[in-house]
file upload.pdb (PDB, C-alpha atoms)
ATOM      1  CA  MET T   1      93.393 104.790 108.442
ATOM      2  CA  VAL T   2      94.385 101.718 106.473
ATOM      3  CA  VAL T   3      91.388  99.403 106.209
ATOM      4  CA  THR T   4      92.235  95.715 106.359
ATOM      5  CA  GLN T   5      90.496  92.370 106.165
ATOM      6  CA  GLU T   6      90.194  92.606 109.964
ATOM      7  CA  ASN T   7      87.685  95.449 109.975
ATOM      8  CA  VAL T   8      85.895  95.044 106.645
ATOM      9  CA  ALA T   9      83.483  92.151 106.238
ATOM     10  CA  VAL T  10      83.845  90.633 102.786
ATOM     11  CA  ASN T  11      80.411  89.104 102.815
ATOM     12  CA  GLY T  12      78.021  90.949 105.048
ATOM     13  CA  GLY T  13      79.509  89.975 108.409
ATOM     14  CA  ARG T  14      80.050  86.281 107.685
ATOM     15  CA  ARG T  15      82.578  84.376 109.758
ATOM     16  CA  LEU T  16      86.118  84.378 108.463
ATOM     17  CA  SER T  17      87.536  81.179 107.019
ATOM     18  CA  PRO T  18      90.764  79.603 108.359
ATOM     19  CA  GLN T  19      92.618  80.912 105.299
ATOM     20  CA  GLU T  20      91.390  84.460 105.849
ATOM     21  CA  ILE T  21      92.439  84.370 109.515
ATOM     22  CA  ALA T  22      95.835  83.010 108.475
ATOM     23  CA  ASP T  23      96.183  85.860 105.964
ATOM     24  CA  VAL T  24      95.398  88.463 108.645
ATOM     25  CA  LEU T  25      98.042  86.961 110.948
ATOM     26  CA  ARG T  26     100.525  86.792 108.056
ATOM     27  CA  ASN T  27      99.971  90.489 107.455
ATOM     28  CA  ARG T  28     100.649  91.267 111.123
ATOM     29  CA  ILE T  29     103.925  89.360 110.847
ATOM     30  CA  ARG T  30     104.862  91.095 107.587
ATOM     31  CA  THR T  31     104.159  94.575 108.975
ATOM     32  CA  GLY T  32     105.948  93.966 112.293
ATOM     33  CA  ASP T  33     102.901  93.965 114.552
ATOM     34  CA  LEU T  34     103.992  90.436 115.403
ATOM     35  CA  LYS T  35     107.793  90.157 115.524
ATOM     36  CA  ALA T  36     110.126  87.172 115.430
ATOM     37  CA  GLY T  37     110.138  85.547 118.863
ATOM     38  CA  ASP T  38     106.764  86.964 119.936
ATOM     39  CA  ARG T  39     104.196  84.529 121.247
ATOM     40  CA  LEU T  40     100.853  84.400 119.502
ATOM     41  CA  PRO T  41      97.723  84.923 121.574
ATOM     42  CA  THR T  42      96.121  81.712 122.793
ATOM     43  CA  GLN T  43      93.673  79.855 120.567
ATOM     44  CA  ALA T  44      90.874  80.959 122.868
ATOM     45  CA  GLU T  45      91.904  84.613 122.546
ATOM     46  CA  LEU T  46      92.156  84.369 118.758
ATOM     47  CA  ALA T  47      88.796  82.598 118.554
ATOM     48  CA  GLU T  48      87.206  85.411 120.568
ATOM     49  CA  GLU T  49      88.895  88.135 118.490
ATOM     50  CA  PHE T  50      87.768  86.698 115.139
ATOM     51  CA  GLY T  51      84.417  85.390 116.357
ATOM     52  CA  VAL T  52      85.044  81.800 115.277
ATOM     53  CA  GLU T  53      85.386  78.343 116.792
ATOM     54  CA  ARG T  54      88.754  77.130 118.074
ATOM     55  CA  GLY T  55      88.847  74.513 115.327
ATOM     56  CA  THR T  56      88.910  77.315 112.747
ATOM     57  CA  VAL T  57      91.809  78.967 114.580
ATOM     58  CA  ARG T  58      93.704  75.668 114.700
ATOM     59  CA  GLN T  59      93.371  75.298 110.928
ATOM     60  CA  ALA T  60      94.687  78.843 110.443
ATOM     61  CA  LEU T  61      97.675  78.182 112.701
ATOM     62  CA  ARG T  62      98.377  74.954 110.843
ATOM     63  CA  ALA T  63      98.581  76.938 107.583
ATOM     64  CA  LEU T  64     101.054  79.374 109.182
ATOM     65  CA  GLN T  65     103.109  76.456 110.486
ATOM     66  CA  GLU T  66     103.240  74.904 107.009
ATOM     67  CA  ASP T  67     104.547  78.235 105.657
ATOM     68  CA  GLY T  68     107.348  78.227 108.237
ATOM     69  CA  LEU T  69     106.059  81.318 110.050
ATOM     70  CA  LEU T  70     105.678  79.679 113.477
ATOM     71  CA  SER T  71     108.204  78.001 115.760
ATOM     72  CA  ASN T  72     108.025  76.187 119.087
ATOM     73  CA  VAL T  73     104.694  74.684 118.084
ATOM     74  CA  SER T  74     103.572  72.487 120.934
ATOM     75  CA  LYS T  75     100.282  71.359 122.374
ATOM     76  CA  GLY T  76     100.722  73.095 125.699
ATOM     77  CA  SER T  77     101.504  76.711 124.829
ATOM     78  CA  PRO T  78     101.000  79.243 122.029
ATOM     79  CA  PRO T  79     103.634  79.091 119.272
ATOM     80  CA  ARG T  80     106.166  81.831 118.630
ATOM     81  CA  ILE T  81     106.778  83.801 115.437
ATOM     82  CA  ALA T  82     109.671  82.205 113.560
ATOM     83  CA  GLN T  83     112.791  84.082 112.507
ATOM     84  CA  PRO T  84     112.507  85.323 108.899
ATOM     85  CA  ALA T  85     114.597  83.341 106.443
ATOM     86  CA  PRO T  86     113.710  84.406 102.890
ATOM     87  CA  VAL T  87     116.420  85.744 100.612
ATOM     88  CA  ARG T  88     115.528  87.932  97.656
ATOM     89  CA  GLY T  89     115.396  85.857  94.510
ATOM     90  CA  THR T  90     114.463  82.694  96.351
ATOM     91  CA  PRO T  91     110.875  81.655  95.469
ATOM     92  CA  GLN T  92     108.571  82.147  98.459
ATOM     93  CA  PRO T  93     104.804  82.047  99.085
ATOM     94  CA  THR T  94     103.046  85.217  97.974
ATOM     95  CA  MET T  95     102.434  86.679 101.423
ATOM     96  CA  VAL T  96     106.105  86.137 102.322
ATOM     97  CA  SER T  97     107.635  87.772  99.281
ATOM     98  CA  LEU T  98     105.114  90.326  97.993
ATOM     99  CA  ALA T  99     104.884  92.709 100.957
ATOM    100  CA  PRO T 100     108.607  93.572 101.215
ATOM    101  CA  ARG T 101     108.941  93.868  97.434
ATOM    102  CA  MET T 102     105.939  96.183  97.352
ATOM    103  CA  THR T 103     107.398  98.322 100.149
ATOM    104  CA  GLU T 104     110.672  98.645  98.255
ATOM    105  CA  ALA T 105     108.796  99.609  95.083
ATOM    106  CA  PHE T 106     107.119 102.439  97.019
ATOM    107  CA  SER T 107     110.521 103.980  97.742
ATOM    108  CA  ALA T 108     110.619 105.179  94.098
ATOM    109  CA  ALA T 109     109.600 108.742  93.296
ATOM    110  CA  ARG T 110     106.982 107.530  90.815
ATOM    111  CA  VAL T 111     105.397 104.230  91.765
ATOM    112  CA  ARG T 112     103.775 102.168  89.013
ATOM    113  CA  VAL T 113     102.319  98.739  89.728
ATOM    114  CA  ASP T 114     100.541  96.571  87.158
ATOM    115  CA  VAL T 115      98.686  93.512  88.403
ATOM    116  CA  VAL T 116      96.940  90.467  86.937
ATOM    117  CA  SER T 117      95.138  88.422  89.571
ATOM    118  CA  HIS T 118      91.949  86.628  90.485
ATOM    119  CA  THR T 119      90.974  89.002  93.305
ATOM    120  CA  ALA T 120      92.702  91.919  95.056
ATOM    121  CA  GLU T 121      92.918  90.217  98.462
ATOM    122  CA  THR T 122      96.634  89.395  98.541
ATOM    123  CA  LEU T 123      97.569  92.768  97.065
ATOM    124  CA  MET T 124      95.367  94.548  99.598
ATOM    125  CA  LEU T 125      97.152  92.849 102.503
ATOM    126  CA  ALA T 126     100.646  93.213 101.018
ATOM    127  CA  LEU T 127     100.298  97.002 100.742
ATOM    128  CA  GLY T 128      99.853  97.485 104.477
ATOM    129  CA  ASP T 129     103.489  98.213 105.356
ATOM    130  CA  ALA T 130     104.128 100.540 102.388
ATOM    131  CA  LEU T 131     101.046 102.625 103.145
ATOM    132  CA  ARG T 132     101.884 102.708 106.834
ATOM    133  CA  GLN T 133     105.351 104.069 106.041
ATOM    134  CA  ILE T 134     103.781 106.828 103.951
ATOM    135  CA  HIS T 135     101.404 107.768 106.787
ATOM    136  CA  GLU T 136     104.356 107.798 109.207
ATOM    137  CA  GLY T 137     106.358 110.085 106.904
ATOM    138  CA  ARG T 138     109.152 107.570 106.305
ATOM    139  CA  ILE T 139     108.632 107.462 102.513
ATOM    140  CA  ARG T 140     106.859 109.905 100.204
ATOM    141  CA  PRO T 141     106.524 109.062  96.510
ATOM    142  CA  GLN T 142     105.421 111.850  94.192
ATOM    143  CA  SER T 143     102.851 109.689  92.446
ATOM    144  CA  ILE T 144     101.310 106.219  92.678
ATOM    145  CA  GLU T 145      99.631 104.467  89.766
ATOM    146  CA  PHE T 146      97.988 101.046  89.932
ATOM    147  CA  ARG T 147      96.521  99.229  86.924
ATOM    148  CA  ILE T 148      94.739  96.046  87.947
ATOM    149  CA  LEU T 149      93.263  93.340  85.722
ATOM    150  CA  LEU T 150      90.618  91.104  87.321
ATOM    151  CA  PRO T 151      88.256  88.562  85.718
ATOM    152  CA  SER T 152      85.008  89.939  84.367
ATOM    153  CA  ARG T 153      81.826  89.238  86.305
ATOM    154  CA  ASP T 154      80.161  88.099  83.067
ATOM    155  CA  ILE T 155      82.372  85.131  82.200
ATOM    156  CA  ASN T 156      82.130  81.499  83.265
ATOM    157  CA  LEU T 157      85.132  81.238  85.551
ATOM    158  CA  ALA T 158      87.447  78.251  85.251
ATOM    159  CA  PHE T 159      87.753  78.500  89.059
ATOM    160  CA  PRO T 160      86.316  78.687  91.609
ATOM    161  CA  VAL T 161      83.590  76.289  90.493
ATOM    162  CA  LEU T 162      81.311  73.846  92.221
ATOM    163  CA  VAL T 163      82.492  70.241  92.146
ATOM    164  CA  GLU T 164      78.959  69.288  91.147
ATOM    165  CA  ARG T 165      76.548  71.950  89.974
ATOM    166  CA  ASP T 166      72.838  71.390  90.418
ATOM    167  CA  GLY T 167      70.477  73.891  88.800
ATOM    168  CA  ASP T 168      71.002  77.379  87.435
ATOM    169  CA  GLU T 169      72.136  79.077  90.643
ATOM    170  CA  ASP T 170      75.875  79.436  91.150
ATOM    171  CA  PRO T 171      76.649  80.436  94.757
ATOM    172  CA  VAL T 172      80.389  79.970  94.176
ATOM    173  CA  HIS T 173      80.412  82.627  91.456
ATOM    174  CA  GLN T 174      78.328  84.961  93.614
ATOM    175  CA  ARG T 175      80.700  84.449  96.553
ATOM    176  CA  TRP T 176      83.729  85.184  94.343
ATOM    177  CA  LEU T 177      82.099  88.308  92.887
ATOM    178  CA  GLN T 178      81.304  89.683  96.345
ATOM    179  CA  MET T 179      84.895  89.080  97.432
ATOM    180  CA  ARG T 180      86.334  90.596  94.235
ATOM    181  CA  ASN T 181      84.292  93.771  94.607
ATOM    182  CA  ALA T 182      84.715  94.207  98.373
ATOM    183  CA  GLN T 183      88.477  93.700  98.323
ATOM    184  CA  ALA T 184      88.919  95.994  95.327
ATOM    185  CA  HIS T 185      86.951  98.718  97.101
ATOM    186  CA  VAL T 186      89.174  98.389 100.177
ATOM    187  CA  LEU T 187      92.327  98.464  98.066
ATOM    188  CA  LYS T 188      91.161 101.591  96.249
ATOM    189  CA  HIS T 189      90.172 103.270  99.512
ATOM    190  CA  ASN T 190      93.547 102.534 101.117
ATOM    191  CA  LEU T 191      95.481 103.929  98.161
ATOM    192  CA  ASN T 192      93.273 106.999  97.824
ATOM    193  CA  SER T 193      93.721 107.730 101.540
ATOM    194  CA  VAL T 194      97.343 108.794 100.926
ATOM    195  CA  ARG T 195      96.095 111.277  98.333
ATOM    196  CA  SER T 196      93.556 112.863 100.657
ATOM    197  CA  THR T 197      95.910 112.804 103.666
ATOM    198  CA  HIS T 198      99.300 113.572 102.107
ATOM    199  CA  GLY T 199      98.478 115.151  98.741
ATOM    200  CA  ILE T 200     100.194 112.402  96.742
ATOM    201  CA  ASP T 201      98.965 111.960  93.168
ATOM    202  CA  VAL T 202      97.184 108.579  93.169
ATOM    203  CA  LYS T 203      95.490 106.797  90.276
ATOM    204  CA  VAL T 204      93.874 103.355  90.625
ATOM    205  CA  THR T 205      92.216 101.779  87.582
ATOM    206  CA  PHE T 206      90.579  98.371  87.187
ATOM    207  CA  ARG T 207      89.802  96.597  83.931
ATOM    208  CA  ALA T 208      87.996  93.306  83.352
ATOM    209  CA  LEU T 209      89.615  90.276  81.749
ATOM    210  CA  PRO T 210      87.514  88.086  79.421
ATOM    211  CA  PHE T 211      89.173  84.946  80.838
ATOM    212  CA  THR T 212      90.292  83.390  84.115
ATOM    213  CA  PRO T 213      94.011  84.124  84.617
ATOM    214  CA  PRO T 214      95.963  80.910  85.395
ATOM    215  CA  VAL T 215      98.779  82.938  87.005
ATOM    216  CA  LYS T 216      99.162  86.003  89.173
ATOM    217  CA  LEU T 217     101.529  88.700  87.962
ATOM    218  CA  TYR T 218     102.920  91.812  89.627
ATOM    219  CA  LEU T 219     104.956  94.324  87.596
ATOM    220  CA  LEU T 220     106.793  96.737  89.892
ATOM    221  CA  ASN T 221     107.973 100.037  88.407
ATOM    222  CA  GLY T 222     108.753  98.333  85.109
ATOM    223  CA  ALA T 223     111.857  96.866  86.749
ATOM    224  CA  GLU T 224     110.737  93.626  88.400
ATOM    225  CA  VAL T 225     108.173  90.909  87.740
ATOM    226  CA  LEU T 226     106.758  88.602  90.390
ATOM    227  CA  LEU T 227     105.003  85.613  88.826
ATOM    228  CA  GLY T 228     103.143  82.782  90.535
ATOM    229  CA  TYR T 229     100.944  79.906  89.406
ATOM    230  CA  TYR T 230      97.474  79.443  90.830
ATOM    231  CA  MET T 231      97.323  75.895  92.196
ATOM    232  CA  LEU T 232      93.851  74.337  92.133
ATOM    233  CA  GLU T 233      92.610  72.181  94.957
ATOM    234  CA  ARG T 234      89.329  70.783  96.141
ATOM    235  CA  ARG T 235      88.051  72.405  99.306
ATOM    236  CA  GLU T 236      84.866  73.385 101.100
ATOM    237  CA  GLU T 237      83.621  76.613 102.625
ATOM    238  CA  GLU T 238      80.530  77.760 104.451
ATOM    239  CA  TYR T 239      78.536  80.389 102.549
ATOM    240  CA  GLU T 240      75.019  81.633 103.344
ATOM    241  CA  ASN T 241      74.142  78.624 105.500
ATOM    242  CA  GLN T 242      75.385  76.041 103.016
ATOM    243  CA  THR T 243      78.587  74.087 102.575
ATOM    244  CA  LEU T 244      80.130  74.621  99.154
ATOM    245  CA  GLN T 245      82.295  71.877  97.681
ATOM    246  CA  MET T 246      84.472  73.618  95.110
ATOM    247  CA  TYR T 247      87.619  73.602  93.071
ATOM    248  CA  ASP T 248      89.432  76.761  94.097
ATOM    249  CA  VAL T 249      92.821  78.350  94.656
ATOM    250  CA  LEU T 250      94.439  79.943  97.698
ATOM    251  CA  GLY T 251      96.355  82.786  96.130
ATOM    252  CA  SER T 252      98.438  83.596  99.203
ATOM    253  CA  ARG T 253     100.087  80.180  98.898
ATOM    254  CA  SER T 254     101.184  80.671  95.285
ATOM    255  CA  VAL T 255     104.968  80.649  95.067
ATOM    256  CA  LEU T 256     106.255  83.854  93.486
ATOM    257  CA  PHE T 257     109.272  83.855  91.198
ATOM    258  CA  SER T 258     111.168  87.134  90.895
ATOM    259  CA  PHE T 259     112.625  88.437  87.624
ATOM    260  CA  ALA T 260     114.525  91.729  87.891
ATOM    261  CA  LYS T 261     116.061  93.774  85.099
ATOM    262  CA  GLU T 262     119.214  94.218  87.128
ATOM    263  CA  ALA T 263     119.707  90.440  87.352
ATOM    264  CA  GLY T 264     120.929  90.089  83.770
ATOM    265  CA  GLN T 265     119.880  89.937  80.142
ATOM    266  CA  ARG T 266     117.557  86.950  80.520
ATOM    267  CA  ASP T 267     115.573  88.473  83.404
ATOM    268  CA  ALA T 268     115.524  91.879  81.708
ATOM    269  CA  ALA T 269     114.002  90.339  78.584
ATOM    270  CA  PHE T 270     111.350  88.589  80.689
ATOM    271  CA  VAL T 271     110.426  91.852  82.425
ATOM    272  CA  GLU T 272     110.155  93.684  79.106
ATOM    273  CA  GLU T 273     108.027  90.972  77.484
ATOM    274  CA  SER T 274     105.781  90.773  80.561
ATOM    275  CA  GLN T 275     105.207  94.517  80.365
ATOM    276  CA  LYS T 276     104.361  94.261  76.670
ATOM    277  CA  TRP T 277     101.948  91.396  77.409
ATOM    278  CA  PHE T 278     100.201  93.378  80.148
ATOM    279  CA  ASP T 279      99.969  96.535  78.033
ATOM    280  CA  ALA T 280      98.521  94.551  75.130
ATOM    281  CA  LEU T 281      95.797  93.091  77.361
ATOM    282  CA  TRP T 282      95.062  96.492  78.866
ATOM    283  CA  GLU T 283      94.689  98.200  75.517
ATOM    284  CA  THR T 284      92.788  95.522  73.551
ATOM    285  CA  VAL T 285      90.477  92.804  74.900
ATOM    286  CA  THR T 286      89.830  94.088  78.418
ATOM    287  CA  THR T 287      86.842  96.284  79.314
ATOM    288  CA  ASP T 288      85.937  98.825  81.979
ATOM    289  CA  LEU T 289      85.319  97.193  85.347
ATOM    290  CA  THR T 290      82.637  98.695  87.549
ATOM    291  CA  LEU T 291      82.695  97.742  91.218
ATOM    292  CA  SER T 292      79.156  97.308  92.520
TER     293      SER T 292
END

call {"tool": "encode", "arguments": {"input": "upload.pdb", "output": "structure tokens"}}
result
Amino acid sequence: MVVTQENVAVNGGRRLSPQEIADVLRNRIRTGDLKAGDRLPTQAELAEEFGVERGTVRQALRALQEDGLLSNVSKGSPPRIAQPAPVRGTPQPTMVSLAPRMTEAFSAARVRVDVVSHTAETLMLALGDALRQIHEGRIRPQSIEFRILLPSRDINLAFPVLVERDGDEDPVHQRWLQMRNAQAHVLKHNLNSVRSTHGIDVKVTFRALPFTPPVKLYLLNGAEVLLGYYMLERREEEYENQTLQMYDVLGSRSVLFSFAKEAGQRDAAFVEESQKWFDALWETVTTDLTLS
């Protein structure tokens, strides 16, 4: 079974945020559970499913509307899933462009994915369709290797950070660390499940960066790079009975730019240099990352 954000609590059963609910619904759209033209459940039904207030659901739906994933948005009835419009090569938000590119990468005999990111959340969700196709017998790579660079738990992160810090405690860092570890565990479990179920050679390795990455980077089979900037914004979130005012990023909204070797000399050079950059980080200043 593929474990998703829907059935794994990131923080001990806490209520999901609007962004997390939006990400779950995005994943259902990406994987075909919700198809173009389908009506969403009502706000009341979604609120009951996720165990949140209707206001939280409305914020999640607003995020999906802003991403162009909903149509026929009106006050009186649930919106419908919009027709997909993205064209390969056209910059799109991460959750729009990453999942299909990841699925295509998994059609190779030997899958190799190198990642630099702030957490594994977006990657975890984007892998859903590729892993489902393996479980259904539609694709079967011989091997899968993931190398993932995440910020070290021991550094002072550039983000997320409290807008105003008072005292030595840092609940924002603790919240991020819990999310980083929980999502990485789920990602590793989902990938290892195809080894135990289908006998595919799977290797997943994490290493810790000594700095906060300002961009997210996905290297797919040494042939394509997806690059996106983390955009900081001020926002608030409930955590352990307190409201945190923080500067943070929403990685699923980062716009990804695609560079493919087949696109020409300029893109090919960018892919090669990106691979060299990743390998240099992996082999020098990064350290072993232990998931608690």

call {"tool": "resolve_selection", "arguments": {"input": "upload.pdb", "expression": "the PyMOL selection byres ((chain T and resi 187) around 9)", "output": "ChimeraX atom specification"}}
result
/T:3-4,120-121,123-125,127,182-186,188-192

call {"tool": "closest_atom_pairs", "arguments": {"input": "upload.pdb", "of": "region 194-238 of chain T", "to": "region 249-254 of chain T", "cutoff": "8 Å", "atoms": "all atoms listed in the file", "output": "Markdown table"}}
result
| residue | atom | partner | partner_atom | distance |
| --- | --- | --- | --- | --- |
| T:Gly228 | CA | T:Ser254 | CA | 5.6 |
| T:Tyr229 | CA | T:Ser254 | CA | 5.9 |
| T:Tyr230 | CA | T:Ser254 | CA | 5.9 |
| T:Met231 | CA | T:Val249 | CA | 5.7 |
| T:Leu232 | CA | T:Val249 | CA | 4.9 |
| T:Glu233 | CA | T:Val249 | CA | 6.2 |

call {"tool": "write_last_selection", "arguments": {"input": "upload.pdb", "atoms": "C-alpha atoms", "output": "mmCIF file, keeping the file's coordinate frame"}}
result
data_model
loop_
_atom_site.group_PDB
_atom_site.id
_atom_site.type_symbol
_atom_site.label_atom_id
_atom_site.label_comp_id
_atom_site.auth_asym_id
_atom_site.auth_seq_id
_atom_site.Cartn_x
_atom_site.Cartn_y
_atom_site.Cartn_z
ATOM 1 C CA GLY T 228 103.143 82.782 90.535
ATOM 2 C CA TYR T 229 100.944 79.906 89.406
ATOM 3 C CA TYR T 230 97.474 79.443 90.830
ATOM 4 C CA MET T 231 97.323 75.895 92.196
ATOM 5 C CA LEU T 232 93.851 74.337 92.133
ATOM 6 C CA GLU T 233 92.610 72.181 94.957
#

call {"tool": "atom_distance", "arguments": {"input": "upload.pdb", "atom1": "CA of Ile21 (chain T)", "atom2": "CA of Glu53 (chain T)"}}
result
11.8 Å

call {"tool": "closest_residue", "arguments": {"input": "upload.pdb", "among": "T:Ala44, T:Leu98, T:Leu61, T:Met246", "to": "Gly128 (chain T)", "atoms": "all atoms listed in the file"}}
result
T:Leu98

call {"tool": "residues_around", "arguments": {"input": "upload.pdb", "residues": "Leu157 (chain T)", "least_positions_apart": "2", "cutoff": "6 Å", "atoms": "all atoms listed in the file", "output": "PyMOL selection string"}}
result
chain T and resi 155+159+212

call {"tool": "atom_distance", "arguments": {"input": "upload.pdb", "atom1": "CA of Arg234 (chain T)", "atom2": "CA of Leu162 (chain T)"}}
result
9.4 Å

call {"tool": "atom_distance", "arguments": {"input": "upload.pdb", "atom1": "CA of Val202 (chain T)", "atom2": "CA of Glu272 (chain T)"}}
result
24.2 Å

call {"tool": "axis_aligned_box", "arguments": {"input": "upload.pdb", "around": "region 238-244 of chain T", "padding_each_side": "6 Å", "output": "lines of an AutoDock Vina configuration file"}}
result
center_x = 77.3
center_y = 77.9
center_z = 102.3
size_x = 18.4
size_y = 19.5
size_z = 18.3

call {"tool": "resolve_selection", "arguments": {"input": "upload.pdb", "expression": "the PyMOL selection byres ((chain T and resi 135) around 12)", "output": "number ranges by chain"}}
result
T: 1-2, 128-134, 136-141, 190-191, 193-200

call {"tool": "closest_residue", "arguments": {"input": "upload.pdb", "among": "T:Leu226, T:Ala269, T:Thr42, T:Leu217", "to": "Ser97 (chain T)", "atoms": "only C-alpha atoms"}}
result
T:Leu226

call {"tool": "closest_residue", "arguments": {"input": "upload.pdb", "among": "T:Ala158, T:Ala47, T:Ala22, T:Val225", "to": "Ala263 (chain T)", "atoms": "all atoms listed in the file"}}
result
T:Val225

call {"tool": "residues_around", "arguments": {"input": "upload.pdb", "residues": "region 175-177 of chain T", "least_positions_apart": "3", "cutoff": "9 Å", "atoms": "all atoms listed in the file", "output": "short mmCIF file (atom, residue, chain, number, x, y, z; two decimals) with C-alpha atoms, keeping the file's coordinate frame"}}
result
data_model
loop_
_atom_site.label_atom_id
_atom_site.label_comp_id
_atom_site.auth_asym_id
_atom_site.auth_seq_id
_atom_site.Cartn_x
_atom_site.Cartn_y
_atom_site.Cartn_z
CA ASN T 11 80.41 89.10 102.82
CA THR T 119 90.97 89.00 93.30
CA ARG T 153 81.83 89.24 86.30
CA PRO T 160 86.32 78.69 91.61
CA ASP T 170 75.88 79.44 91.15
CA PRO T 171 76.65 80.44 94.76
CA VAL T 172 80.39 79.97 94.18
CA ARG T 180 86.33 90.60 94.24
CA ASN T 181 84.29 93.77 94.61
CA ALA T 182 84.72 94.21 98.37
CA TYR T 239 78.54 80.39 102.55
#

call {"tool": "build_atoms", "arguments": {"input": "upload.pdb", "residues": "region 22-28 of chain T", "atoms": "all heavy atoms", "output": "PDB file, keeping the file's coordinate frame"}}
result
ATOM      1  N   ALA T  22      94.405  83.190 108.691  1.00  0.00           N
ATOM      2  CA  ALA T  22      95.835  83.010 108.475  1.00  0.00           C
ATOM      3  C   ALA T  22      96.423  84.204 107.734  1.00  0.00           C
ATOM      4  O   ALA T  22      97.524  84.678 108.045  1.00  0.00           O
ATOM      5  CB  ALA T  22      96.099  81.712 107.713  1.00  0.00           C
ATOM      6  N   ASP T  23      95.691  84.713 106.731  1.00  0.00           N
ATOM      7  CA  ASP T  23      96.183  85.860 105.964  1.00  0.00           C
ATOM      8  C   ASP T  23      96.299  87.111 106.831  1.00  0.00           C
ATOM      9  O   ASP T  23      97.234  87.903 106.687  1.00  0.00           O
ATOM     10  CB  ASP T  23      95.270  86.132 104.771  1.00  0.00           C
ATOM     11  CG  ASP T  23      95.459  85.134 103.642  1.00  0.00           C
ATOM     12  OD1 ASP T  23      96.505  84.450 103.632  1.00  0.00           O
ATOM     13  OD2 ASP T  23      94.570  85.017 102.789  1.00  0.00           O
ATOM     14  N   VAL T  24      95.327  87.315 107.738  1.00  0.00           N
ATOM     15  CA  VAL T  24      95.398  88.463 108.645  1.00  0.00           C
ATOM     16  C   VAL T  24      96.634  88.354 109.543  1.00  0.00           C
ATOM     17  O   VAL T  24      97.377  89.330 109.733  1.00  0.00           O
ATOM     18  CB  VAL T  24      94.118  88.553 109.501  1.00  0.00           C
ATOM     19  CG1 VAL T  24      94.294  89.586 110.615  1.00  0.00           C
ATOM     20  CG2 VAL T  24      92.926  88.927 108.637  1.00  0.00           C
ATOM     21  N   LEU T  25      96.876  87.151 110.084  1.00  0.00           N
ATOM     22  CA  LEU T  25      98.042  86.961 110.948  1.00  0.00           C
ATOM     23  C   LEU T  25      99.336  87.098 110.155  1.00  0.00           C
ATOM     24  O   LEU T  25     100.329  87.638 110.658  1.00  0.00           O
ATOM     25  CB  LEU T  25      97.965  85.592 111.632  1.00  0.00           C
ATOM     26  CG  LEU T  25      96.789  85.427 112.610  1.00  0.00           C
ATOM     27  CD1 LEU T  25      96.733  84.001 113.148  1.00  0.00           C
ATOM     28  CD2 LEU T  25      96.902  86.423 113.762  1.00  0.00           C
ATOM     29  N   ARG T  26      99.341  86.597 108.910  1.00  0.00           N
ATOM     30  CA  ARG T  26     100.525  86.792 108.056  1.00  0.00           C
ATOM     31  C   ARG T  26     100.825  88.275 107.881  1.00  0.00           C
ATOM     32  O   ARG T  26     101.983  88.704 107.922  1.00  0.00           O
ATOM     33  CB  ARG T  26     100.294  86.159 106.677  1.00  0.00           C
ATOM     34  CG  ARG T  26     100.433  84.659 106.624  1.00  0.00           C
ATOM     35  CD  ARG T  26     100.473  84.183 105.173  1.00  0.00           C
ATOM     36  NE  ARG T  26     100.357  82.736 105.093  1.00  0.00           N
ATOM     37  CZ  ARG T  26      99.216  82.080 104.953  1.00  0.00           C
ATOM     38  NH1 ARG T  26      98.080  82.754 104.865  1.00  0.00           N
ATOM     39  NH2 ARG T  26      99.196  80.762 104.896  1.00  0.00           N
ATOM     40  N   ASN T  27      99.774  89.058 107.657  1.00  0.00           N
ATOM     41  CA  ASN T  27      99.971  90.489 107.455  1.00  0.00           C
ATOM     42  C   ASN T  27     100.533  91.146 108.708  1.00  0.00           C
ATOM     43  O   ASN T  27     101.375  92.048 108.629  1.00  0.00           O
ATOM     44  CB  ASN T  27      98.647  91.146 107.057  1.00  0.00           C
ATOM     45  CG  ASN T  27      98.836  92.579 106.587  1.00  0.00           C
ATOM     46  OD1 ASN T  27      99.661  92.847 105.719  1.00  0.00           O
ATOM     47  ND2 ASN T  27      98.077  93.497 107.168  1.00  0.00           N
ATOM     48  N   ARG T  28     100.098  90.713 109.879  1.00  0.00           N
ATOM     49  CA  ARG T  28     100.649  91.267 111.123  1.00  0.00           C
ATOM     50  C   ARG T  28     102.133  90.935 111.259  1.00  0.00           C
ATOM     51  O   ARG T  28     102.917  91.750 111.759  1.00  0.00           O
ATOM     52  CB  ARG T  28      99.868  90.708 112.320  1.00  0.00           C
ATOM     53  CG  ARG T  28      98.441  91.193 112.403  1.00  0.00           C
ATOM     54  CD  ARG T  28      97.708  90.576 113.581  1.00  0.00           C
ATOM     55  NE  ARG T  28      96.314  90.993 113.606  1.00  0.00           N
ATOM     56  CZ  ARG T  28      95.413  90.545 114.478  1.00  0.00           C
ATOM     57  NH1 ARG T  28      95.773  89.648 115.392  1.00  0.00           N
ATOM     58  NH2 ARG T  28      94.159  90.965 114.423  1.00  0.00           N
TER      59      ARG T  28
END
